[in-house]
Structures are given as structure tokens and as C-alpha cells.
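*Asks:* Just one file: entry02.txt, with compact mmCIF, C-alpha atoms.
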```txt
# COMPACT_ATOMS: atom_id res chain seq x y z
CA MET U 14 -71.54 20.68 -63.48
CA ARG U 15 -69.65 19.81 -60.33
CA PHE U 16 -65.97 20.07 -59.49
CA ASN U 17 -63.45 18.34 -57.23
CA LEU U 18 -60.27 20.03 -56.02
CA LEU U 19 -59.35 17.85 -53.03
CA GLY U 20 -57.15 15.58 -55.10
CA PRO U 21 -56.59 15.81 -58.87
CA LEU U 22 -58.80 18.42 -60.54
CA GLU U 23 -62.04 16.83 -61.79
CA ALA U 24 -65.14 18.15 -63.52
CA TYR U 25 -68.37 16.22 -64.09
CA SER U 26 -71.60 16.68 -65.93
CA GLY U 27 -73.92 14.27 -64.18
CA ASP U 28 -71.75 11.19 -63.81
CA ALA U 29 -69.73 11.82 -66.96
CA PRO U 30 -66.27 13.41 -66.65
CA VAL U 31 -65.72 16.68 -68.49
CA ALA U 32 -62.38 17.51 -70.13
CA LEU U 33 -61.37 21.07 -69.30
CA GLY U 34 -58.59 21.35 -71.89
CA GLY U 35 -54.86 21.93 -71.65
CA PHE U 36 -52.71 23.19 -68.80
CA ASN U 37 -53.73 26.86 -69.05
CA HIS U 38 -57.42 25.97 -69.06
CA ARG U 39 -57.09 23.62 -66.10
CA ALA U 40 -54.88 25.92 -64.05
CA ILE U 41 -57.19 28.91 -64.54
CA ALA U 42 -60.24 26.79 -63.75
CA ALA U 43 -58.56 25.52 -60.58
CA PHE U 44 -57.52 29.00 -59.44
CA LEU U 45 -60.98 30.41 -60.05
CA LEU U 46 -62.51 27.48 -58.14
CA LEU U 47 -60.17 28.10 -55.21
CA HIS U 48 -61.71 31.58 -55.15
CA ALA U 49 -65.20 30.50 -56.16
CA ASN U 50 -67.84 33.24 -56.18
CA GLU U 51 -65.15 35.94 -55.91
CA VAL U 52 -63.86 38.33 -58.55
CA VAL U 53 -60.29 37.33 -59.41
CA PRO U 54 -58.25 40.04 -61.18
CA THR U 55 -56.65 39.11 -64.47
CA SER U 56 -53.25 40.11 -63.09
CA LYS U 57 -53.64 37.58 -60.29
CA LEU U 58 -54.41 34.83 -62.80
CA MET U 59 -51.33 35.81 -64.78
CA HIS U 60 -49.12 35.59 -61.70
CA ALA U 61 -50.67 32.24 -60.74
CA LEU U 62 -49.67 30.75 -64.09
CA TRP U 63 -46.30 32.40 -64.77
CA GLY U 64 -45.16 34.06 -61.56
CA TYR U 65 -44.09 37.69 -61.70
CA GLU U 66 -42.12 37.29 -64.91
CA THR U 67 -45.13 36.98 -67.17
CA PRO U 68 -44.67 36.69 -70.94
CA ALA U 69 -45.80 39.58 -73.11
CA THR U 70 -48.80 37.62 -74.36
CA SER U 71 -49.90 36.37 -70.92
CA ARG U 72 -53.01 38.56 -70.71
CA LYS U 73 -54.18 37.39 -74.11
CA MET U 74 -53.54 33.75 -73.16
CA VAL U 75 -55.65 34.19 -70.03
CA GLN U 76 -58.46 35.70 -72.08
CA ASN U 77 -58.34 32.82 -74.56
CA ALA U 78 -58.34 30.21 -71.79
CA VAL U 79 -61.29 31.88 -70.04
CA SER U 80 -63.20 32.01 -73.31
CA GLY U 81 -62.61 28.30 -73.84
CA LEU U 82 -63.67 27.45 -70.30
CA ARG U 83 -66.84 29.50 -70.63
CA LYS U 84 -67.83 27.51 -73.73
CA ILE U 85 -67.29 24.22 -71.88
CA ILE U 86 -69.31 25.38 -68.87
CA ASP U 87 -72.15 26.76 -71.00
CA ARG U 88 -72.28 23.49 -72.94
CA HIS U 89 -72.66 21.34 -69.83
CA SER U 90 -74.37 23.70 -67.38
CA GLY U 91 -76.17 26.19 -69.63
CA PRO U 92 -75.59 29.95 -69.71
CA ASP U 93 -78.04 30.42 -66.83
CA GLY U 94 -77.16 27.21 -64.98
CA PRO U 95 -75.83 26.78 -61.44
CA VAL U 96 -72.25 27.27 -62.71
CA THR U 97 -71.34 30.40 -64.64
CA LEU U 98 -68.08 32.06 -65.67
CA SER U 99 -68.55 35.79 -66.12
CA THR U 100 -66.35 38.78 -66.86
CA CYS U 101 -66.34 41.13 -63.88
CA PRO U 102 -63.77 43.94 -64.08
CA PRO U 103 -60.95 43.80 -63.18
CA GLY U 104 -61.14 40.08 -63.91
CA TYR U 105 -63.46 37.07 -63.81
CA ARG U 106 -65.82 35.31 -61.43
CA LEU U 107 -66.69 31.61 -61.44
CA THR U 108 -70.02 31.24 -59.68
CA VAL U 109 -70.55 27.77 -58.20
CA ASP U 110 -73.07 26.52 -55.68
CA THR U 111 -71.37 25.15 -52.54
CA ALA U 112 -72.92 21.72 -53.07
CA LEU U 113 -71.24 21.44 -56.47
CA LEU U 114 -67.70 21.91 -55.14
CA ASP U 115 -66.02 19.42 -52.82
CA LEU U 116 -64.04 22.21 -51.15
CA GLY U 117 -67.28 23.98 -50.27
CA ARG U 118 -68.76 20.80 -48.80
CA PHE U 119 -65.56 20.20 -46.84
CA ARG U 120 -65.78 23.61 -45.19
CA LEU U 121 -69.47 23.19 -44.35
CA LEU U 122 -68.87 19.79 -42.74
CA VAL U 123 -65.92 21.09 -40.73
CA ASP U 124 -67.90 24.06 -39.42
CA ALA U 125 -70.83 21.81 -38.50
CA GLY U 126 -68.61 19.21 -36.85
CA ARG U 127 -66.72 21.70 -34.72
CA ALA U 128 -69.93 23.42 -33.68
CA GLU U 129 -71.43 20.10 -32.57
CA LEU U 130 -68.30 19.17 -30.62
CA ALA U 131 -68.42 22.55 -28.89
CA SER U 132 -72.08 22.00 -27.97
CA GLY U 133 -71.34 18.55 -26.49
CA ASP U 134 -72.75 16.43 -29.35
CA ARG U 135 -69.52 14.45 -29.58
CA GLU U 136 -70.58 11.46 -31.68
CA SER U 137 -72.22 13.56 -34.38
CA GLY U 138 -69.39 16.10 -34.34
CA LEU U 139 -66.79 13.39 -34.83
CA ALA U 140 -68.83 11.87 -37.66
CA GLN U 141 -69.03 15.25 -39.42
CA LEU U 142 -65.27 15.71 -39.24
CA ARG U 143 -64.78 12.18 -40.56
CA SER U 144 -67.09 12.92 -43.49
CA ALA U 145 -65.10 16.09 -44.26
CA LEU U 146 -61.82 14.16 -44.34
CA ASP U 147 -63.35 11.44 -46.52
CA LEU U 148 -63.80 14.01 -49.32
CA TRP U 149 -60.04 14.14 -49.84
CA ARG U 150 -58.66 11.90 -52.59
CA GLY U 151 -55.03 12.95 -52.16
CA PRO U 152 -53.08 16.23 -52.04
CA VAL U 153 -55.14 19.21 -53.21
CA LEU U 154 -54.87 19.67 -57.01
CA ALA U 155 -52.30 16.88 -57.11
CA ASP U 156 -52.15 16.82 -60.92
CA LEU U 157 -51.25 20.51 -61.13
CA THR U 158 -48.69 20.42 -58.34
CA GLU U 159 -46.92 17.65 -60.27
CA THR U 160 -46.35 20.17 -63.05
CA GLY U 161 -44.77 22.69 -60.67
CA VAL U 162 -47.79 24.71 -59.53
CA SER U 163 -47.15 26.05 -56.02
CA TRP U 164 -49.80 28.46 -54.75
CA PRO U 165 -50.14 29.69 -51.16
CA GLU U 166 -53.78 28.61 -51.26
CA LEU U 167 -52.71 24.99 -51.63
CA SER U 168 -50.49 25.08 -48.55
CA ALA U 169 -53.30 26.73 -46.60
CA LEU U 170 -55.74 23.98 -47.58
CA GLU U 171 -53.29 21.23 -46.65
CA GLY U 172 -52.88 22.97 -43.28
CA ALA U 173 -56.65 23.07 -42.86
CA ARG U 174 -56.85 19.35 -43.63
CA LEU U 175 -54.18 18.59 -41.03
CA SER U 176 -55.96 20.73 -38.44
CA VAL U 177 -59.23 18.88 -39.02
CA PHE U 178 -57.46 15.52 -38.74
CA GLU U 179 -55.87 16.60 -35.46
CA ASP U 180 -59.28 17.64 -34.11
CA CYS U 181 -60.66 14.29 -35.21
CA ALA U 182 -57.79 12.40 -33.58
CA GLN U 183 -58.11 14.40 -30.35
CA GLU U 184 -61.81 13.62 -30.09
CA SER U 185 -61.15 9.94 -30.84
CA LEU U 186 -58.60 9.84 -28.00
CA ASP U 187 -61.03 11.63 -25.69
CA GLN U 188 -63.56 8.92 -26.44
CA GLY U 189 -61.03 6.16 -25.71
CA ARG U 190 -60.66 5.10 -29.35
CA HIS U 191 -56.85 5.07 -29.39
CA HIS U 192 -56.65 1.68 -31.11
CA GLU U 193 -58.89 2.93 -33.94
CA ILE U 194 -56.95 6.13 -34.65
CA LEU U 195 -53.40 4.84 -34.12
CA GLY U 196 -52.72 3.71 -37.69
CA GLU U 197 -53.84 7.01 -39.19
CA LEU U 198 -51.79 8.94 -36.65
CA GLU U 199 -48.65 6.98 -37.51
CA GLU U 200 -49.18 7.58 -41.23
CA MET U 201 -49.86 11.31 -40.83
CA ALA U 202 -46.96 11.81 -38.40
CA ALA U 203 -44.59 10.17 -40.89
CA ALA U 204 -45.66 12.74 -43.49
CA GLN U 205 -45.46 15.65 -41.00
CA PRO U 206 -42.48 14.81 -38.77
CA ALA U 207 -42.16 18.35 -37.34
CA GLY U 208 -45.83 18.65 -36.31
CA GLU U 209 -45.80 19.02 -32.53
CA ARG U 210 -49.54 18.64 -31.93
CA LEU U 211 -49.61 15.62 -34.22
CA CYS U 212 -46.65 14.11 -32.38
CA GLY U 213 -48.34 14.63 -29.03
CA LEU U 214 -51.49 12.87 -30.21
CA LEU U 215 -49.43 9.96 -31.56
CA MET U 216 -47.48 9.68 -28.30
CA ARG U 217 -50.69 9.48 -26.27
CA ALA U 218 -52.18 6.87 -28.58
CA LEU U 219 -49.04 4.74 -28.50
CA TYR U 220 -48.77 4.96 -24.72
CA ARG U 221 -52.40 3.97 -24.24
CA CYS U 222 -51.82 0.98 -26.54
CA GLY U 223 -49.01 -0.20 -24.24
CA ARG U 224 -46.19 1.02 -26.49
CA GLN U 225 -44.26 3.35 -24.18
CA HIS U 226 -40.96 2.84 -26.01
CA ASP U 227 -42.53 3.76 -29.36
CA ALA U 228 -44.14 6.82 -27.82
CA LEU U 229 -40.76 8.06 -26.62
CA ALA U 230 -39.21 7.26 -30.02
CA ALA U 231 -41.90 9.39 -31.69
CA TYR U 232 -40.89 12.29 -29.47
CA GLN U 233 -37.24 11.92 -30.46
CA ARG U 234 -38.13 11.87 -34.17
CA THR U 235 -40.07 15.09 -33.91
CA ARG U 236 -37.37 16.67 -31.77
CA GLY U 237 -34.79 15.77 -34.43
CA ALA U 238 -36.98 17.15 -37.24
CA LEU U 239 -37.49 20.44 -35.39
CA LEU U 240 -33.77 20.80 -34.76
CA ASP U 241 -32.82 19.93 -38.33
CA ASP U 242 -35.47 22.06 -40.05
CA PHE U 243 -35.80 25.05 -37.73
CA GLY U 244 -33.05 24.83 -35.11
CA LEU U 245 -35.71 24.63 -32.39
CA ASP U 246 -36.45 22.34 -29.48
CA PRO U 247 -39.97 20.99 -28.91
CA GLY U 248 -42.31 23.28 -27.03
CA ARG U 249 -43.02 23.00 -23.31
CA GLU U 250 -46.23 20.98 -23.78
CA LEU U 251 -44.50 18.25 -25.76
CA ARG U 252 -41.55 18.13 -23.35
CA GLU U 253 -43.93 17.75 -20.41
CA LEU U 254 -45.73 14.96 -22.24
CA GLU U 255 -42.45 13.07 -22.66
CA LEU U 256 -41.79 13.42 -18.92
CA ALA U 257 -45.31 12.22 -18.10
CA ILE U 258 -44.80 9.12 -20.25
CA LEU U 259 -41.47 8.39 -18.56
CA ASN U 260 -43.21 8.63 -15.17
CA HIS U 261 -46.32 6.66 -16.21
CA ASP U 262 -48.49 9.58 -15.21
CA PRO U 263 -52.07 8.32 -14.61
CA SER U 264 -53.47 11.39 -16.38
CA LEU U 265 -52.30 9.91 -19.70
CA LEU U 266 -54.88 7.15 -19.52
CA PRO U 267 -58.39 7.71 -20.86
CA GLU U 268 -60.97 8.69 -18.32
CA ALA U 269 -62.40 5.66 -16.61
CA ALA U 270 -65.90 4.74 -17.60
CA PRO U 271 -68.45 5.77 -14.97
CA CYS U 272 -69.09 3.05 -12.43
CA LEU U 273 -72.75 2.19 -12.66
CA SER U 274 -74.41 0.93 -9.51
CA ARG U 275 -77.70 -0.88 -9.28
CA THR U 276 -80.07 -1.27 -6.42
CA ILE U 277 -80.38 -4.86 -5.20
CA PRO U 278 -83.65 -5.66 -3.46
CA ALA U 279 -83.18 -6.61 0.17
CA PRO U 280 -83.86 -10.29 0.85
CA ARG U 281 -86.90 -11.21 2.89
CA SER U 282 -84.73 -12.44 5.74
CA VAL U 283 -83.48 -8.93 6.46
CA ALA U 284 -86.53 -8.04 8.49
CA ARG U 285 -86.15 -11.23 10.53
CA CYS U 286 -82.45 -10.50 11.09
CA SER U 287 -83.26 -7.07 12.39
CA ARG U 288 -85.68 -8.57 14.91
CA LEU U 289 -83.10 -11.11 15.98
CA ALA U 290 -80.60 -8.33 16.50
CA THR U 291 -82.78 -6.99 19.31
CA ALA U 292 -83.10 -10.36 21.03
CA GLY U 293 -81.23 -11.23 24.19
CA PRO U 294 -79.06 -14.31 24.85
CA ARG U 295 -80.16 -17.51 23.14
CA GLY U 296 -82.75 -15.63 21.12
CA ARG U 297 -84.74 -14.44 24.21
CA ARG U 298 -86.05 -10.93 23.95
CA PRO U 299 -84.67 -8.58 26.60
CA ARG U 300 -86.79 -7.88 29.60
CA SER U 301 -88.91 -4.81 29.37
CA THR U 302 -87.81 -1.99 31.60
CA THR U 303 -91.42 -0.86 31.88
CA HIS U 304 -93.02 -2.04 35.14
CA GLY U 305 -96.32 -3.71 34.76
CA ARG U 306 -99.36 -2.79 36.77
CA ARG U 307 -99.57 -4.32 40.19
```
Please rewrite the model in this file as C-alpha cells.

*Replies:*
Amino acid sequence: MRFNLLGPLEAYSGDAPVALGGFNHRAIAAFLLLHANEVVPTSKLMHALWGYETPATSRKMVQNAVSGLRKIIDRHSGPDGPVTLSTCPPGYRLTVDTALLDLGRFRLLVDAGRAELASGDRESGLAQLRSALDLWRGPVLADLTETGVSWPELSALEGARLSVFEDCAQESLDQGRHHEILGELEEMAAAQPAGERLCGLLMRALYRCGRQHDALAAYQRTRGALLDDFGLDPGRELRELELAILNHDPSLLPEAAPCLSRTIPAPRSVARCSRLATAGPRGRRPRSTTHGRR
């Protein structure tokens, strides 16, 4: 079996989708997958489903849901397959190979991409980050969040996604690809209006695309969101960026491509010209200052 969390919860056996059951089954499966290969206490599962005001039968309901999930997994993966759900006091552990979980693949790609960027392999690093972002099909566990699920792990993953996108956008700008990344930056900034780093990246992209007015408008939107939501002004870096855009600071433009020079063979006439340069008036060679023998 394989599972997808980066979007609605999905389970597959080969290419065929697998139904995981009702809400309790799906929520417990999702929470165990968020903590794949770790022991999750039963009490933590209870709080994930019902908060801290758990019903009297909550422990029994968790046990029943886990039992049902184990039957589904054993049916499609086998009791000794690459996916197992086992009882491990004080709770349960869902063992899943990294390759069978999109969240695991996302983390591997991000680590590889950032390592390659740090080592100077910029094209490959950017491609790895792009591949990581392509795994997302929407908000993490979108189907469960629609029912009211709100776990800290989900906010952390959305933050990780944003951070990876910002790294990807920064590298694209560094490579002079502002036209390519602009649309995605505008879309992401609209969803995250108080994101200062995101705003700064959008401002640079807009300015490099010849849209100074829009770059300044983006700053004002983020400034307004920060004031409304947190009562804060933008940080020093973003304020300095606004000033640089107002002043058309040359540092805002992408680094100029290296000027390549090529060696041009000297024409054959050069040697003749050098001889002529030593000649006297009307092409006569100057008299020798060496006295001949008498």
C-alpha cells in the first residue's frame, strides 16, 4: 500500500484506491501517518479526534478503529508487508517505507535540493525543490480539515511547504527567472498576505518585470496585513527594499551575465603596418645612425 497526505487523504493498493472507512478510521490513519514509524500513545489519538473533552468511550472507539484499519492494511499489504500497524504500548505504530508516503518523499527531495544548492549545484537543486512542491495536491489532509480537524502538525507542514516555495522562488530570482516565477509568487502572496519574505520576493520579481508601481503596492498590502493582524510594521529588510525600489537601486536587478570575449586573429596586414610605422617620411626608412666602414 501507499498513502498520500499532501492533499486529501488517499490510500492505494497498486493503482487501485483503497477505502479506509469512516471518519474515525481516516482520522486515526492520517494521524498515525503524520507520525509514521513512531509510537503514538492512545491518549494522543484520543485528543486528536475529540480534543481534551473526550467521551467516556473514546478509548474503545480508538481501539475499534485501529482494529479495522489493521484488517484493511493486512488485506492489501499482508501481515508482513512493507506497511504494518502494530500495537506498541502505550499506543500504536504505523510502519511505512518512506517511498510509500508522499510526505516522506517530500522531505527527502527538500533535503536533497537544499544540499545541492548549498554545494553550488543550482540547476539540480532547483529541480529537486520543484519536484518536492509538485507532490502537493492542495492543503495537507484537505478532506479532514473540511470537517473541522485542526492539528498543529498540519500548520507545521503548510509552513514547511511555504518555506520550500520561498527557497525555490529565491533561487529562480537568483538565476534571472523572474518572469517564470512571477505568477506563482502573486498567487502565493495573495494567500499569505502577511508573509514578509514572500512579499519581498514578489516585490523583486515585479520590479525586474518593469512593474515598479505594483511592487510598491505589494509592499503596502503586506504592511496593511501586518498592522491589521499583529499591530506590527514591516521589518527593516522589507522597508529597505521599498526604499531601494523607490530609488531604482541597481542592486535590485539580476546580476549581469558574464561578458564573454573572444580572441580575433590579427590580420596579415598587421606585420606590414608595423614595418611602415618605423619608416621615415614618404615611406623611406630612417637613416641608420651606425657609421659604415670607411

*Asks:* With all atoms listed in the file as the atoms that count, which of U:Leu245, U:Met201, U:Leu114, U:Cys181 lies nearest to Ser137 of chain U?

*Replies:* U:Cys181

*Asks:* With a distance cut-off of 12 Å and all atoms listed in the file, select the neighbouring residues of Ala182 of chain U, excluding the residue or stretch itself and same-chain residues fewer than 2 positions from it, and output the selection as a PyMOL selection string.

*Replies:* chain U and resi 139-140+142-143+146+175-180+184-199+201-202+210-218

*Asks:* If I take atom CA of Leu239 of chain U and atom CA of Glu253 of chain U, how far is one from the other in Å, to one decimal?

*Replies:*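 Between atom CA of Leu239 of chain U and atom CA of Glu253 of chain U the gap works out to 16.5 Å.
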
*Asks:* Please report, as CSV, each residue of segment 83-194 of chain U lying at most 12 Å from segment 32-37 of chain U, together with the nearest pair of atoms and the separation in Å rounded to one decimal; use only C-alpha atoms, and order rows by chain and ascending residue number.

*Replies:*
```
residue,atom,partner,partner_atom,distance
U:Arg83,CA,U:Leu33,CA,10.1
U:Lys84,CA,U:Leu33,CA,10.1
U:Ile85,CA,U:Leu33,CA,7.2
U:Ile86,CA,U:Leu33,CA,9.0
U:Arg88,CA,U:Leu33,CA,11.8
U:His89,CA,U:Ala32,CA,11.0
U:Asp156,CA,U:Phe36,CA,10.1
U:Leu157,CA,U:Phe36,CA,8.3
U:Thr158,CA,U:Phe36,CA,11.5
U:Glu159,CA,U:Phe36,CA,11.7
U:Thr160,CA,U:Phe36,CA,9.1
U:Gly161,CA,U:Phe36,CA,11.4
U:Val162,CA,U:Phe36,CA,10.6
```

*Asks:* Go ahead and write the selection's residues with C-alpha atoms as an mmCIF file, in the frame of the given file.

*Replies:*
```
data_model
loop_
_atom_site.group_PDB
_atom_site.id
_atom_site.type_symbol
_atom_site.label_atom_id
_atom_site.label_comp_id
_atom_site.auth_asym_id
_atom_site.auth_seq_id
_atom_site.Cartn_x
_atom_site.Cartn_y
_atom_site.Cartn_z
ATOM 1 C CA ARG U 83 -66.840 29.500 -70.630
ATOM 2 C CA LYS U 84 -67.830 27.510 -73.730
ATOM 3 C CA ILE U 85 -67.290 24.220 -71.880
ATOM 4 C CA ILE U 86 -69.310 25.380 -68.870
ATOM 5 C CA ARG U 88 -72.280 23.490 -72.940
ATOM 6 C CA HIS U 89 -72.660 21.340 -69.830
ATOM 7 C CA ASP U 156 -52.150 16.820 -60.920
ATOM 8 C CA LEU U 157 -51.250 20.510 -61.130
ATOM 9 C CA THR U 158 -48.690 20.420 -58.340
ATOM 10 C CA GLU U 159 -46.920 17.650 -60.270
ATOM 11 C CA THR U 160 -46.350 20.170 -63.050
ATOM 12 C CA GLY U 161 -44.770 22.690 -60.670
ATOM 13 C CA VAL U 162 -47.790 24.710 -59.530
#
```

*Asks:* Between atom CA of Pro95 of chain U and atom CA of Met14 of chain U, what is the spacing in Å?

*Replies:*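 So the answer is 7.7 Å.
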
*Asks:* Quick one: everything within 8 Å of segment 45-58 of chain U, counting all atoms listed in the file, minus sequence neighbours fewer than 3 positions away in the same chain. Send it as a VMD selection string.

*Replies:* chain U and resid 41 to 42 61 to 62 72 75 101 to 109 166

*Asks:* Contacts of Leu256 of chain U at 12 Å or less, counting all atoms listed in the file, minus same-chain residues fewer than 3 places along, as a list in words?

*Replies:*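 Within the cut-off, the hits are Met216, Gln225, Ala228, Leu229, Tyr232, Arg249, Glu250, Leu251, Arg252, Glu253, Leu259, Asn260, His261, Asp262 and Leu265 of chain U.
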
*Asks:* Can you work out the spacing between atom CA of Gly126 of chain U and atom CA of Ser144 of chain U in Å, to one decimal?

*Replies:* 9.3 Å

*Asks:* Using all atoms listed in the file for the distances, tell me which of U:Leu154, U:Leu254, U:Ala238, U:Ala128 is nearest to Gln141 of chain U.

*Replies:*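 For Gln141 of chain U, the nearest of the given residues is U:Ala128.
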
*Asks:* Given all atoms listed in the file as the basis, pick out the residue of U:Pro267, U:Gly237, U:Ala203, U:Leu122 nearest to Gln183 of chain U.

*Replies:*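 Checking each candidate against Gln183 of chain U, we get U:Pro267 as the closest.
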
*Asks:* For a cutoff of 8 Å around the file-coordinate point (-53.2, 21.5, -50.1), which residues qualify once you count only C-alpha atoms? I'd like the result as a list in words.

*Replies:*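 Residues with an atom at most 8 Å from (-53.2, 21.5, -50.1): Leu19, Pro152, Val153, Leu154, Glu166, Leu167, Ser168, Ala169, Leu170, Glu171, Gly172 and Arg174 of chain U.
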
*Asks:* For each of U:Val79, U:Ala204, U:Ala131, U:Ala24, take the minimum atom-to-atom distance to Ser99 of chain U, counting all atoms listed in the file, then give the residue where this is smallest.

*Replies:*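 Closest residue, counting all atoms listed in the file: U:Val79.
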